[in-house]
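What follows is a short report on a single structure.
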Amino acid sequence: MTGVAGVSDLEKLLVVGASGLLGSKIMVQARGRYDAIGTYNPEVDGADLWRLESLDVGSKDEVEKLFAEVVPNVVILTAAMTNVDACEKQPVVANRINASGPALVARACKSAGARLVHVSTDYVFDGTKKRKYVETDHPRPISVYGSSKLAGEKSVLSSLPTAAIARTAVLYGWNPIEGKENFVTWSLKKLRAGERVTMFQDQHISPTFADNLAGALLGLAGTDASGVFHVSGPDCFDRVVCGKMIANIFNLDENLIIPVKSNTLSLPAKRPAYSCLDISKIEKLLNRKMESFESGLRKMKSQESKKR
Ligand SMILES: NC(=O)c1ccc[n+]([C@@H]2O[C@H](COP(=O)([O-])OP(=O)(O)OC[C@H]3O[C@@H](n4cnc5c(N)ncnc54)[C@H](OP(=O)(O)O)[C@@H]3O)[C@@H](O)[C@H]2O)c1
């Protein structure tokens with residue numbers, strides 16, 4: 001009879017960016033499957049949730065020191081500067097975190113012989129296509145965020161061709177850290193306060209339930225598949241449709257969703273008008289379907305009622 005595996009029998013998983021929305025979900029789902037250690041960005045407080053180590057992913061010394069201490073078998077790299085407008089205003093910082101950081105982590109994985117899954121974005125595309133983007137489509141970013149993430153992908157694959165890159169899109173779910181918002185939690189906050197919520201009618205996206213993505217990434221980490229994979233929700237909706245679905249599923253007033261054209265607002269960074277992803281490659285590899293927006297929202301609703 002096989003005994004229950006103790007922590008020491010499990011492979012070591014390092015989640016770089018465990019205090020973020022996606023990283024936190026990976027930490028939760030890795031329990032019992034891996035001996036998991038996560039990192040947080042030392043410039044931000046509030047990461048005392050699990051076994052977390054501080055790491056500035058842009059620092060070669062810190063990355064090397066952490067890898068020497070942890071000696072991971074598997075690494076999932078979710079850390080990034082994710083605020084698209086902040087990236088536009090601070091391109092040097094964005095490139096340090098989103099491009100140099102992944103290069104350092106990939107090199108450290110190579111030295112440690114560790115499996116790497118690196119998380120990237122739909123914003124590597126320019127949004128001019130009218131059908132879902134496949135992995136072989138040519139990336140052409142239109143923002144600093146997108147170009148810094150594309151540079152990160154390239155440096156990872158050039159140092160470590162066995163790595164897997166998971167491009168995802170518009171993450172949502174309950175965030176473990178108070179005060180951090182995503183598309184859905186921000187919309188819920190406004191709708192519950194009875195405030196009008198303006199949403200772009202001309203931006204098509206594939207919303208991705210962070211809990212579901214975390215499971216898919218752990219699945220991908222367990223394979224030896226390499227190269228680029230699109231890993232998002234299966235839908236392709238404009239943001240107004242998304243807003244109305246949020247309102248309806250949470251029994252809120254959908255009339256508070258106000259459609260606007262994206263060119264009516266002047267934001268620092270350009271966003272692709274269409275960035276839906278074709279996910280057939282990952283669904284075939286993992287032999288599972290990614291979760292729809294409707295299903296993810298219903299799960300969020302039931303998770304919230306269990307918390308109360
Ligand atoms: N959010 C989206 O809609 C979206 C869409 C497409 C792709 N993605 C990609 O998905 C991944 C996860 O996104 P997310 O929404 O979970 O991100 P998030 O909630 O913003 O979390 C980002 C993580 O990166 C960490 N971090 C930031 N700067 C760092 C630094 N200099 N050194 C080390 N760690 C640092 C943060 O630490 P602190 O929490 O301590 O700051 C946090 O753990 C990212 O690679 C992102 O590019 C996200």
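Lettering and numbering for the structure tokens are positional, with chains as A, B, ... in the shown order, residues counted from 1 in each chain, and ligands counted from 1 in the shown order.
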
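The environment of A:Thr39 within 7 Å, counting only C-alpha atoms and disregarding residues fewer than 6 places along the same chain, consists of Val15, Val16, Gly17, Ala18, Ser19, Leu52, Glu53, Ser54 and Leu55 of chain A.
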
Keeping C-alpha atoms, export the residues of the selection given above as a tab-separated table (two decimals), in the first residue's frame.
```tsv
chain	number	residue	atom	x	y	z
A	15	VAL	CA	5.42	30.07	-7.99
A	16	VAL	CA	7.02	33.39	-8.91
A	17	GLY	CA	4.28	35.98	-8.28
A	18	ALA	CA	2.24	34.02	-5.70
A	19	SER	CA	0.71	37.17	-4.19
A	52	LEU	CA	6.26	33.36	0.65
A	53	GLU	CA	9.74	34.58	-0.09
A	54	SER	CA	10.39	38.11	-1.24
A	55	LEU	CA	11.83	38.45	-4.74
```

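Near ligand 1, at a distance of at most 6 Å and with only C-alpha atoms and all ligand atoms counted, sit the residues A:Gly17, A:Ala18, A:Ser19, A:Gly20, A:Leu21, A:Leu22, A:Gly23, A:Tyr40, A:Asn41, A:Val44, A:Leu55, A:Asp56, A:Val57, A:Gly58, A:Thr78, A:Ala79, A:Ala80, A:Met81, A:Thr82, A:Ile97, A:Val119, A:Ser120, A:Thr121, A:Asp122, A:Thr168, A:Ala169, A:Val170, A:Leu171.
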
Quick one, how far is atom CA of A:Lys261 from atom CA of A:Arg140?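 Going from atom CA of A:Lys261 over to atom CA of A:Arg140, I get 22.6 Å.
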
How far is it from atom CA of A:Asn182 to atom CA of A:Glu291, in Å with one decimal?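 Going from atom CA of A:Asn182 over to atom CA of A:Glu291 covers 17.6 Å.
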
For atom CA of A:Ala247 and atom CA of A:Pro207, the interatomic separation in Å (one decimal):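 Between atom CA of A:Ala247 and atom CA of A:Pro207 the gap works out to 15.3 Å.
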
Using only C-alpha atoms, determine which residues lie at most 9 Å from A:Tyr172, disregarding the query and same-chain residues fewer than 6 positions distant; provide the list as a PDB file with N, CA and C atoms, in the first residue's frame.
```pdb
ATOM      1  N   LEU A  21      -3.188  37.557  -8.440  1.00  0.00           N
ATOM      2  CA  LEU A  21      -4.449  36.809  -8.596  1.00  0.00           C
ATOM      3  C   LEU A  21      -4.181  35.375  -9.057  1.00  0.00           C
ATOM      4  N   LEU A  22      -3.460  35.230 -10.155  1.00  0.00           N
ATOM      5  CA  LEU A  22      -3.227  33.894 -10.697  1.00  0.00           C
ATOM      6  C   LEU A  22      -2.305  33.070  -9.793  1.00  0.00           C
ATOM      7  N   GLU A 181      -8.022  44.738  -7.583  1.00  0.00           N
ATOM      8  CA  GLU A 181      -9.253  44.487  -8.345  1.00  0.00           C
ATOM      9  C   GLU A 181      -8.935  43.884  -9.706  1.00  0.00           C
ATOM     10  N   ASN A 182      -9.921  43.232 -10.293  1.00  0.00           N
ATOM     11  CA  ASN A 182      -9.833  42.814 -11.693  1.00  0.00           C
ATOM     12  C   ASN A 182     -11.140  43.222 -12.347  1.00  0.00           C
ATOM     13  N   PHE A 183     -11.247  42.969 -13.641  1.00  0.00           N
ATOM     14  CA  PHE A 183     -12.394  43.398 -14.441  1.00  0.00           C
ATOM     15  C   PHE A 183     -13.734  43.079 -13.753  1.00  0.00           C
ATOM     16  N   VAL A 184     -13.874  41.862 -13.235  1.00  0.00           N
ATOM     17  CA  VAL A 184     -15.162  41.452 -12.661  1.00  0.00           C
ATOM     18  C   VAL A 184     -15.367  42.057 -11.268  1.00  0.00           C
ATOM     19  N   THR A 185     -14.350  42.002 -10.402  1.00  0.00           N
ATOM     20  CA  THR A 185     -14.552  42.535  -9.037  1.00  0.00           C
ATOM     21  C   THR A 185     -14.762  44.052  -9.081  1.00  0.00           C
ATOM     22  N   PRO A 207     -12.444  36.330 -21.626  1.00  0.00           N
ATOM     23  CA  PRO A 207     -12.253  36.387 -20.175  1.00  0.00           C
ATOM     24  C   PRO A 207     -11.855  35.014 -19.623  1.00  0.00           C
ATOM     25  N   THR A 208     -10.954  35.037 -18.650  1.00  0.00           N
ATOM     26  CA  THR A 208     -10.360  33.777 -18.158  1.00  0.00           C
ATOM     27  C   THR A 208     -10.483  33.697 -16.641  1.00  0.00           C
ATOM     28  N   PHE A 209     -11.142  32.637 -16.175  1.00  0.00           N
ATOM     29  CA  PHE A 209     -11.340  32.438 -14.736  1.00  0.00           C
ATOM     30  C   PHE A 209     -10.004  31.986 -14.137  1.00  0.00           C
ATOM     31  N   ALA A 210      -9.469  32.800 -13.227  1.00  0.00           N
ATOM     32  CA  ALA A 210      -8.120  32.538 -12.703  1.00  0.00           C
ATOM     33  C   ALA A 210      -8.025  31.149 -12.056  1.00  0.00           C
ATOM     34  N   ASP A 211      -9.092  30.727 -11.371  1.00  0.00           N
ATOM     35  CA  ASP A 211      -9.079  29.408 -10.713  1.00  0.00           C
ATOM     36  C   ASP A 211      -8.905  28.305 -11.755  1.00  0.00           C
ATOM     37  N   GLY A 296     -17.662  30.489 -14.939  1.00  0.00           N
ATOM     38  CA  GLY A 296     -16.730  31.109 -13.990  1.00  0.00           C
ATOM     39  C   GLY A 296     -17.444  32.105 -13.075  1.00  0.00           C
ATOM     40  N   LEU A 297     -18.354  32.898 -13.666  1.00  0.00           N
ATOM     41  CA  LEU A 297     -19.089  33.877 -12.851  1.00  0.00           C
ATOM     42  C   LEU A 297     -19.983  33.168 -11.834  1.00  0.00           C
TER      43      LEU A 297
END
```

For A:Ile279, which residue out of A:Val134, A:Ala86, A:Val124, A:Ile258 is the nearest one, using only C-alpha atoms?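 Distance minimum relative to A:Ile279 lands on A:Val134.
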